Amino acid sequence: MIEDAGTTNEQIIDETQLSKNEREEIIQLGLLSQDGQVQPSPIHPSERPPIPKRDVNATEVLNEAYKYLPRPSSFSRGLCLDIGDYKILLISGTASVDDSGRTVHVGDFRAQCWRTYRNITSLLESEGMTWHDIIRTSCYLRDIERDYNDFNEVRTAFFDWLKLDPLPASTGIQARICREDLLVEIEAIAVCPSNSNSVS
């Protein structure tokens, strides 16, 4: 097993599970030395600090992906960036999951759409934003031929209710989503002025 070079001895990679090529790529990346030692993490250059960012969550409606069991997933529900006079919210692919990470409304495509919109709404609200701040969505459907009409009806009803004008830019994509029982997943990007609450 490959352990973190820090004081925690946290396992990063199980070396016994690596193929020869995977091990070579990890060495070339700089994570592992030729003799199998984990290398220190690279330090961000001090002359150019990273932009401020923070993770975003809405644990009252959906759990954090790194708490999925039995396999945690390594991503944030969203990241918020403060850039000059603007706040940018990047929402990861969000689906019909609950605060325990369970799929909600298995087999019911339309209900999964509504739950997905509810989850995204909660993530927006956690940063004082609304759907009026959304500038783009990427919409992944497990079976676009079967479900696109229903998807578009739900989306149109939701956006009409919100009185969105103009509508966000969007792309519909057929994709295998991370779980077999998830039928729709949506990513979103929102922008609003910094230090102000969005107006619905």
# chains A, B, ... in the order shown; residues from 1 in each chain; ligands from 1
>>> select_by_dssp(residues="stretch 13-200 of chain A", states="strand (DSSP E or B)", output="PyMOL selection string")
chain A and resi 13+32+38+53-56+78-83+86-94+97+103+134-141+169-174+184-193
>>> select_by_dssp(residues="stretch 142-171 of chain A", states="helix (DSSP H, G or I)", output="mmCIF file with C-alpha atoms, in the first residue's frame")
data_model
loop_
_atom_site.group_PDB
_atom_site.id
_atom_site.type_symbol
_atom_site.label_atom_id
_atom_site.label_comp_id
_atom_site.auth_asym_id
_atom_site.auth_seq_id
_atom_site.Cartn_x
_atom_site.Cartn_y
_atom_site.Cartn_z
ATOM 1 C CA ILE A 144 -32.464 10.818 -24.392
ATOM 2 C CA GLU A 145 -34.741 9.312 -27.058
ATOM 3 C CA ARG A 146 -37.149 7.930 -24.469
ATOM 4 C CA ASP A 147 -37.017 10.768 -21.934
ATOM 5 C CA TYR A 148 -36.277 14.043 -23.745
ATOM 6 C CA ASN A 149 -39.913 15.067 -24.244
ATOM 7 C CA ASP A 150 -40.654 14.541 -20.544
ATOM 8 C CA PHE A 151 -37.422 16.339 -19.626
ATOM 9 C CA ASN A 152 -38.285 19.325 -21.775
ATOM 10 C CA GLU A 153 -41.844 19.500 -20.405
ATOM 11 C CA VAL A 154 -40.591 19.522 -16.799
ATOM 12 C CA ARG A 155 -37.819 22.020 -17.566
ATOM 13 C CA THR A 156 -40.178 24.316 -19.472
ATOM 14 C CA ALA A 157 -42.768 24.231 -16.676
ATOM 15 C CA PHE A 158 -40.104 24.969 -14.052
ATOM 16 C CA PHE A 159 -38.477 27.791 -16.028
ATOM 17 C CA ASP A 160 -41.893 29.277 -16.921
ATOM 18 C CA TRP A 161 -42.860 29.254 -13.232
ATOM 19 C CA LEU A 162 -39.583 31.034 -12.409
#
>>> residues_around(residues="stretch 33-36 of chain A", least_positions_apart="4", cutoff="9 Å", atoms="only C-alpha atoms", output="number ranges by chain")
A: 2, 15, 24, 26-28
>>> write_last_selection(atoms="C-alpha atoms", output="mmCIF file, in the first residue's frame")
data_model
loop_
_atom_site.group_PDB
_atom_site.id
_atom_site.type_symbol
_atom_site.label_atom_id
_atom_site.label_comp_id
_atom_site.auth_asym_id
_atom_site.auth_seq_id
_atom_site.Cartn_x
_atom_site.Cartn_y
_atom_site.Cartn_z
ATOM 1 C CA ILE A 2 1.103 3.512 -0.767
ATOM 2 C CA GLU A 15 -0.135 -0.416 -4.997
ATOM 3 C CA GLU A 24 4.359 4.254 -14.517
ATOM 4 C CA ILE A 26 1.671 7.724 -11.321
ATOM 5 C CA ILE A 27 5.482 7.917 -11.209
ATOM 6 C CA GLN A 28 5.536 10.290 -14.200
#
>>> residues_around(residues="stretch 135-138 of chain A", least_positions_apart="2", cutoff="12 Å", atoms="only C-alpha atoms", output="PyMOL selection string")
chain A and resi 88-94+117+120+129-133+140-141+155+164-175+184-192
>>> write_last_selection(atoms="C-alpha atoms", output="short mmCIF file (atom, residue, chain, number, x, y, z; two decimals), in the first residue's frame")
data_model
loop_
_atom_site.label_atom_id
_atom_site.label_comp_id
_atom_site.auth_asym_id
_atom_site.auth_seq_id
_atom_site.Cartn_x
_atom_site.Cartn_y
_atom_site.Cartn_z
CA ILE A 88 -19.20 32.36 -9.92
CA LEU A 89 -20.86 29.14 -8.78
CA LEU A 90 -19.90 25.91 -10.53
CA ILE A 91 -22.40 23.19 -9.61
CA SER A 92 -21.26 19.61 -10.20
CA GLY A 93 -23.48 17.08 -11.88
CA THR A 94 -26.49 16.87 -9.56
CA TYR A 117 -34.05 20.91 -9.72
CA ILE A 120 -29.73 22.55 -7.48
CA MET A 129 -28.29 32.87 -5.64
CA THR A 130 -31.33 31.78 -7.65
CA TRP A 131 -32.07 30.24 -11.03
CA HIS A 132 -32.04 33.79 -12.43
CA ASP A 133 -28.25 33.70 -11.92
CA TYR A 140 -27.33 14.37 -19.01
CA LEU A 141 -30.12 11.89 -19.74
CA ARG A 155 -37.82 22.02 -17.57
CA LEU A 164 -36.62 33.03 -16.53
CA ASP A 165 -35.83 35.42 -19.37
CA PRO A 166 -33.50 34.93 -21.04
CA LEU A 167 -33.28 31.19 -20.60
CA PRO A 168 -29.90 29.69 -19.67
CA ALA A 169 -27.67 28.32 -22.41
CA SER A 170 -27.97 24.52 -22.29
CA THR A 171 -26.88 21.26 -23.85
CA GLY A 172 -28.74 17.93 -23.68
CA ILE A 173 -26.52 14.86 -23.73
CA GLN A 174 -27.20 11.14 -23.60
CA ALA A 175 -24.83 9.60 -21.06
CA VAL A 184 -31.00 12.51 -15.21
CA GLU A 185 -28.10 14.61 -13.97
CA ILE A 186 -27.58 18.36 -14.42
CA GLU A 187 -24.50 20.60 -14.11
CA ALA A 188 -24.95 24.35 -13.79
CA ILE A 189 -22.96 27.57 -13.81
CA ALA A 190 -24.28 30.69 -12.07
CA VAL A 191 -22.84 34.22 -11.88
CA CYS A 192 -23.87 37.19 -9.76
#
>>> residues_around(residues="stretch 54-62 of chain A", least_positions_apart="4", cutoff="6 Å", atoms="only C-alpha atoms", output="number ranges by chain")
A: 77-80, 97-99, 122-123
>>> write_last_selection(atoms="N, CA and C atoms", output="mmCIF file, in the first residue's frame")
data_model
loop_
_atom_site.group_PDB
_atom_site.id
_atom_site.type_symbol
_atom_site.label_atom_id
_atom_site.label_comp_id
_atom_site.auth_asym_id
_atom_site.auth_seq_id
_atom_site.Cartn_x
_atom_site.Cartn_y
_atom_site.Cartn_z
ATOM 1 N N ARG A 77 -19.875 19.206 -4.270
ATOM 2 C CA ARG A 77 -21.182 19.475 -4.899
ATOM 3 C C ARG A 77 -21.103 20.720 -5.767
ATOM 4 N N GLY A 78 -20.240 21.636 -5.370
ATOM 5 C CA GLY A 78 -20.046 22.845 -6.158
ATOM 6 C C GLY A 78 -18.884 23.633 -5.594
ATOM 7 N N LEU A 79 -18.378 24.554 -6.399
ATOM 8 C CA LEU A 79 -17.339 25.474 -5.952
ATOM 9 C C LEU A 79 -17.803 26.890 -6.243
ATOM 10 N N CYS A 80 -17.528 27.770 -5.303
ATOM 11 C CA CYS A 80 -17.861 29.177 -5.498
ATOM 12 C C CYS A 80 -16.552 29.951 -5.601
ATOM 13 N N VAL A 97 -30.802 12.589 -5.601
ATOM 14 C CA VAL A 97 -30.307 11.902 -4.412
ATOM 15 C C VAL A 97 -30.742 12.680 -3.184
ATOM 16 N N ASP A 98 -30.787 11.987 -2.048
ATOM 17 C CA ASP A 98 -31.245 12.634 -0.820
ATOM 18 C C ASP A 98 -30.081 12.949 0.107
ATOM 19 N N ASP A 99 -30.412 13.364 1.314
ATOM 20 C CA ASP A 99 -29.385 13.779 2.266
ATOM 21 C C ASP A 99 -28.564 12.622 2.820
ATOM 22 N N SER A 122 -31.337 24.340 -3.902
ATOM 23 C CA SER A 122 -30.764 24.435 -2.552
ATOM 24 C C SER A 122 -29.291 24.825 -2.597
ATOM 25 N N LEU A 123 -28.553 24.297 -3.569
ATOM 26 C CA LEU A 123 -27.148 24.690 -3.708
ATOM 27 C C LEU A 123 -27.036 26.171 -4.066
#
>>> atom_distance(atom1="atom CA of A:Leu183", atom2="atom CA of A:Phe75")
20.0 Å
>>> atom_distance(atom1="atom CA of A:Arg176", atom2="atom CA of A:Thr116")
16.5 Å
>>> atom_distance(atom1="atom CA of A:Leu124", atom2="atom CA of A:Glu180")
26.6 Å
>>> residues_around(residues="stretch 100-105 of chain A", least_positions_apart="3", cutoff="7 Å", atoms="only C-alpha atoms", output="ChimeraX atom specification")
/A:62-63,68,96-97,108,111-112,182
